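Asker: One structure, pasted below without further comment.
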Amino acid sequence: MTDIKQYLRSLKVFEGDLPTFDAGAAPDRPDQLFVQWLKQAVAAGIREPHAMTLSTLGVDGNPAARVLILKNVDGNGWQFAVHAGSPKGRELLVHPAAALTFHWREQARQVRVRGRVSAAPAQQSAADFLARPTGSRAESLIGRQSQPLTGPEDLDRASQESRERVDQQPDLVEPAWTLYTLKAESVEFWQGDQERKHVRLNFVRTENGWEKGLLWP
């Protein structure tokens, strides 16, 4: 353990030219600032900048986290989609609250979003499903996510059968596919600094709109 401990301490962080963050010039809504940061991440060539960690509370009371793709963000909230029968779908049914974490390592930036989650109407979920690539739709139609898998040949066979269904029925929709909106209660923007003078700007939802303020690093 001593060797790996020292090894981890030797790894460098916050390397390279990091962007600056003028918190005083930030817009009054967190979704607007998020879009600014997202576009800056895209311009900087960061891979999959719309990937995020979705954290939920498991049905057993323990936290669970996994990486998903952001579908949309606007004044209503942050959107993502999952199969309702998957572990995360079942967790959201029991505990309809979640946290999202975006990490753009090359820019030493994080965005943390927390709030309640609600399911979109079936028509919107169906539209999101049909907008997915053919292979993604076929995978979702299998409907066995996180169940035990005997071997790769079973996955290959199920994938082939599901792909044939999609090819034959291009408008086929998985009824359990659900589009969710996380209505943020708080959103924190974190800009790393090589001297550890990190800038943290936190938005908190109130009855009168958003209040924002700095946090100590």
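Each chain in the structure tokens gets a letter, A, B, ..., in the order shown, and its residues are numbered from 1; ligands are numbered from 1 in order too.
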Contacts of range 30-39 of chain A at 8 Å or less, counting only C-alpha atoms, minus same-chain residues fewer than 2 places along, as a compact mmCIF listing (two decimals) with C-alpha atoms, in the first residue's frame?

Answerer:
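The resulting file, out24.txt, is shown below:
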```txt
# COMPACT_ATOMS: atom_id res chain seq x y z
CA ALA A 26 -21.39 35.02 -15.06
CA PRO A 27 -24.99 35.10 -16.30
CA ASP A 28 -27.84 35.00 -13.80
CA ALA A 41 -15.03 22.58 -23.85
CA VAL A 42 -16.04 21.66 -27.40
CA ALA A 43 -13.86 24.45 -28.83
CA PRO A 49 -17.88 16.99 -23.19
CA HIS A 50 -21.57 16.12 -22.85
CA VAL A 73 -30.36 21.64 -21.03
CA ASP A 74 -32.54 24.72 -20.79
CA GLY A 75 -34.44 26.78 -18.23
CA GLY A 77 -33.41 21.59 -16.33
CA VAL A 111 -20.08 21.34 -12.81
CA VAL A 187 -25.58 24.12 -9.45
CA PHE A 203 -26.30 28.85 -7.78
```

Asker: May I have all residues of range 112-168 of chain A that DSSP, computed from the backbone, assigns to strand (DSSP E or B), given as a VMD selection string?

Answerer: chain A and resid 112 to 119

Asker: Please produce a file of those selected residues containing N, CA and C atoms, as a JSON list (two decimals), in the first residue's frame.

Answerer:
```
[["chain", "number", "residue", "atom", "x", "y", "z"],
["A", 112, "ARG", "N", -21.45, 20.69, -10.92],
["A", 112, "ARG", "CA", -22.23, 19.77, -10.08],
["A", 112, "ARG", "C", -23.66, 20.27, -10.03],
["A", 113, "VAL", "N", -24.59, 19.36, -10.39],
["A", 113, "VAL", "CA", -26.02, 19.71, -10.45],
["A", 113, "VAL", "C", -26.79, 18.76, -9.54],
["A", 114, "ARG", "N", -27.65, 19.32, -8.67],
["A", 114, "ARG", "CA", -28.44, 18.48, -7.76],
["A", 114, "ARG", "C", -29.89, 18.92, -7.83],
["A", 115, "GLY", "N", -30.83, 17.95, -7.78],
["A", 115, "GLY", "CA", -32.23, 18.32, -7.79],
["A", 115, "GLY", "C", -33.16, 17.14, -7.93],
["A", 116, "ARG", "N", -34.43, 17.45, -8.05],
["A", 116, "ARG", "CA", -35.47, 16.44, -8.23],
["A", 116, "ARG", "C", -35.58, 16.06, -9.70],
["A", 117, "VAL", "N", -36.03, 14.83, -9.93],
["A", 117, "VAL", "CA", -36.11, 14.29, -11.28],
["A", 117, "VAL", "C", -37.55, 13.91, -11.60],
["A", 118, "SER", "N", -38.00, 14.25, -12.80],
["A", 118, "SER", "CA", -39.35, 13.88, -13.24],
["A", 118, "SER", "C", -39.29, 13.30, -14.64],
["A", 119, "ALA", "N", -40.21, 12.38, -14.93],
["A", 119, "ALA", "CA", -40.26, 11.72, -16.23],
["A", 119, "ALA", "C", -41.06, 12.57, -17.21]]
```

Asker: Contacts of Gln169 in chain A at 12 Å or less, counting only C-alpha atoms, minus same-chain residues fewer than 4 places along, as a PyMOL selection string?

Answerer: chain A and resi 130+134+137-138+141+162-165+173-174

Asker: Would you write out those residues with N, CA and C atoms, as a compact mmCIF listing (two decimals), in the first residue's frame?

Answerer:
```
# COMPACT_ATOMS: atom_id res chain seq x y z
N LEU A 130 -36.40 7.32 -30.78
CA LEU A 130 -36.27 7.21 -32.23
C LEU A 130 -35.14 8.05 -32.78
N THR A 134 -29.26 3.47 -34.72
CA THR A 134 -29.90 2.17 -34.86
C THR A 134 -29.36 1.15 -33.85
N ARG A 137 -30.72 1.80 -30.34
CA ARG A 137 -32.11 1.37 -30.18
C ARG A 137 -32.21 -0.14 -30.05
N ALA A 138 -31.42 -0.85 -30.86
CA ALA A 138 -31.45 -2.31 -30.80
C ALA A 138 -31.00 -2.80 -29.43
N LEU A 141 -33.76 -2.35 -26.84
CA LEU A 141 -34.89 -3.26 -27.00
C LEU A 141 -34.63 -4.64 -26.41
N SER A 162 -32.32 -8.37 -32.12
CA SER A 162 -32.89 -7.05 -31.87
C SER A 162 -32.63 -6.11 -33.04
N ARG A 163 -31.45 -6.21 -33.63
CA ARG A 163 -31.12 -5.37 -34.79
C ARG A 163 -32.05 -5.69 -35.95
N GLU A 164 -32.38 -6.94 -36.14
CA GLU A 164 -33.30 -7.32 -37.21
C GLU A 164 -34.68 -6.74 -36.96
N ARG A 165 -35.11 -6.69 -35.70
CA ARG A 165 -36.41 -6.09 -35.36
C ARG A 165 -36.43 -4.61 -35.73
N VAL A 173 -40.66 1.44 -30.89
CA VAL A 173 -40.23 2.19 -29.71
C VAL A 173 -40.26 1.28 -28.49
N GLU A 174 -39.21 1.34 -27.69
CA GLU A 174 -39.19 0.63 -26.41
C GLU A 174 -40.06 1.42 -25.42
```

Asker: List the spatial neighbours of Arg109 in chain A as JSON, numbers by chain - criterion: any atom at most 10 Å away, only C-alpha atoms, same-chain residues fewer than 3 positions off excluded.

Answerer: {"A": [14, 18, 19, 21, 37, 41, 102, 103, 104, 105, 106, 189, 190, 191, 192, 193, 198, 199, 200]}

Asker: Taking the DSSP secondary structure from the backbone, can you list the residues of range 48-117 of chain A that are alpha helix (DSSP H), as a short mmCIF file (atom, residue, chain, number, x, y, z; two decimals) with all heavy atoms, in the first residue's frame?

Answerer:
```cif
data_model
loop_
_atom_site.label_atom_id
_atom_site.label_comp_id
_atom_site.auth_asym_id
_atom_site.auth_seq_id
_atom_site.Cartn_x
_atom_site.Cartn_y
_atom_site.Cartn_z
N PRO A 87 -31.36 -0.65 -13.48
CA PRO A 87 -31.17 -0.28 -12.07
C PRO A 87 -31.38 1.21 -11.83
O PRO A 87 -32.05 1.61 -10.86
CB PRO A 87 -29.73 -0.71 -11.79
CG PRO A 87 -29.50 -1.86 -12.71
CD PRO A 87 -30.25 -1.50 -13.96
N LYS A 88 -30.83 2.06 -12.69
CA LYS A 88 -31.00 3.50 -12.48
C LYS A 88 -32.45 3.93 -12.64
O LYS A 88 -32.93 4.82 -11.94
CB LYS A 88 -30.09 4.29 -13.39
CG LYS A 88 -30.08 3.89 -14.84
CD LYS A 88 -28.97 4.60 -15.59
CE LYS A 88 -28.80 4.06 -17.00
NZ LYS A 88 -28.29 2.67 -17.01
N GLY A 89 -33.17 3.29 -13.57
CA GLY A 89 -34.57 3.60 -13.74
C GLY A 89 -35.39 3.22 -12.52
O GLY A 89 -36.26 3.98 -12.08
N ARG A 90 -35.10 2.06 -11.96
CA ARG A 90 -35.81 1.63 -10.75
C ARG A 90 -35.46 2.51 -9.56
O ARG A 90 -36.32 2.81 -8.71
CB ARG A 90 -35.48 0.16 -10.45
CG ARG A 90 -35.94 -0.80 -11.55
CD ARG A 90 -35.91 -2.24 -11.06
NE ARG A 90 -34.58 -2.66 -10.64
CZ ARG A 90 -33.68 -3.21 -11.44
NH1 ARG A 90 -33.95 -3.38 -12.72
NH2 ARG A 90 -32.51 -3.60 -10.98
N GLU A 91 -34.21 2.93 -9.50
CA GLU A 91 -33.79 3.80 -8.40
C GLU A 91 -34.49 5.15 -8.46
O GLU A 91 -34.93 5.68 -7.44
CB GLU A 91 -32.27 3.98 -8.44
CG GLU A 91 -31.51 2.72 -8.08
CD GLU A 91 -30.05 2.75 -8.52
OE1 GLU A 91 -29.61 3.76 -9.09
OE2 GLU A 91 -29.35 1.73 -8.29
N LEU A 92 -34.63 5.69 -9.67
CA LEU A 92 -35.29 6.99 -9.82
C LEU A 92 -36.78 6.88 -9.52
O LEU A 92 -37.40 7.86 -9.08
CB LEU A 92 -35.07 7.52 -11.23
CG LEU A 92 -33.65 7.99 -11.54
CD1 LEU A 92 -33.50 8.29 -13.03
CD2 LEU A 92 -33.29 9.22 -10.71
N LEU A 93 -37.36 5.72 -9.74
CA LEU A 93 -38.77 5.53 -9.41
C LEU A 93 -38.99 5.59 -7.90
O LEU A 93 -39.97 6.18 -7.43
CB LEU A 93 -39.25 4.17 -9.96
CG LEU A 93 -40.72 3.82 -9.67
CD1 LEU A 93 -41.65 4.81 -10.37
CD2 LEU A 93 -41.02 2.39 -10.14
N VAL A 94 -38.06 5.01 -7.14
CA VAL A 94 -38.18 4.99 -5.68
C VAL A 94 -37.72 6.31 -5.07
O VAL A 94 -38.35 6.85 -4.15
CB VAL A 94 -37.38 3.81 -5.10
CG1 VAL A 94 -37.44 3.82 -3.57
CG2 VAL A 94 -37.91 2.49 -5.64
#
```

Asker: Would you list the contacts of Asn62 in chain A as a list in words, taking every protein, DNA or RNA residue within 12 Å and counting only C-alpha atoms, but skipping same-chain residues closer than 6 positions in sequence?

Answerer: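 Near neighbours after the sequence-gap exclusion: Ser55, Thr56, Glu91 and His95 of chain A.
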
Asker: Find the residue from A:Gln107, A:Phe80, A:Arg47, A:Asp128 that sits nearest to Gln194 in chain A; use only C-alpha atoms when measuring.

Answerer: A:Gln107

Asker: Please determine, counting only C-alpha atoms, which residue among A:Asp22, A:Asp3, A:Glu15, A:Glu161 has the shortest atom-to-atom distance to Leu214 in chain A.

Answerer: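 Nearest candidate to Leu214 in chain A out of A:Asp22, A:Asp3, A:Glu15, A:Glu161: A:Asp22.
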
Asker: Any idea what the distance is between CA of Ala97 in chain A and CA of Thr181 in chain A?

Answerer: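 Going from CA of Ala97 in chain A over to CA of Thr181 in chain A covers 10.2 Å.
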
Asker: Would you please work out which residue, of A:Leu155, A:Leu100, A:Ala64, A:Ala122, is nearest to Gly143 in chain A when using only C-alpha atoms?

Answerer: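 Closest candidate: A:Leu155.
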
Asker: What's around Gly135 in chain A at 9 Å? Count only C-alpha atoms, leave out sequence neighbours fewer than 4 positions away in its own chain, and write the answer as a PDB file with N, CA and C atoms, in the first residue's frame.

Answerer:
```
ATOM      1  N   GLU A 139     -29.973  -2.180 -28.881  1.00  0.00           N
ATOM      2  CA  GLU A 139     -29.474  -2.590 -27.562  1.00  0.00           C
ATOM      3  C   GLU A 139     -30.531  -2.368 -26.496  1.00  0.00           C
ATOM      4  N   SER A 140     -31.235  -1.229 -26.571  1.00  0.00           N
ATOM      5  CA  SER A 140     -32.252  -0.918 -25.566  1.00  0.00           C
ATOM      6  C   SER A 140     -33.428  -1.886 -25.637  1.00  0.00           C
ATOM      7  N   SER A 159     -28.341  -9.396 -29.714  1.00  0.00           N
ATOM      8  CA  SER A 159     -28.108  -8.147 -30.440  1.00  0.00           C
ATOM      9  C   SER A 159     -28.519  -8.286 -31.898  1.00  0.00           C
ATOM     10  N   ARG A 163     -31.447  -6.212 -33.628  1.00  0.00           N
ATOM     11  CA  ARG A 163     -31.121  -5.372 -34.791  1.00  0.00           C
ATOM     12  C   ARG A 163     -32.051  -5.688 -35.953  1.00  0.00           C
ATOM     13  N   VAL A 166     -35.346  -3.926 -35.423  1.00  0.00           N
ATOM     14  CA  VAL A 166     -35.272  -2.497 -35.723  1.00  0.00           C
ATOM     15  C   VAL A 166     -35.259  -2.269 -37.231  1.00  0.00           C
TER      16      VAL A 166
END
```

Asker: When you count only C-alpha atoms, which of these residues is closest to Ala176 in chain A: A:Thr206, A:Gln145, A:Ser136, A:Ser125?

Answerer: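 Of the candidates, the smallest distance to Ala176 in chain A is held by A:Ser125.
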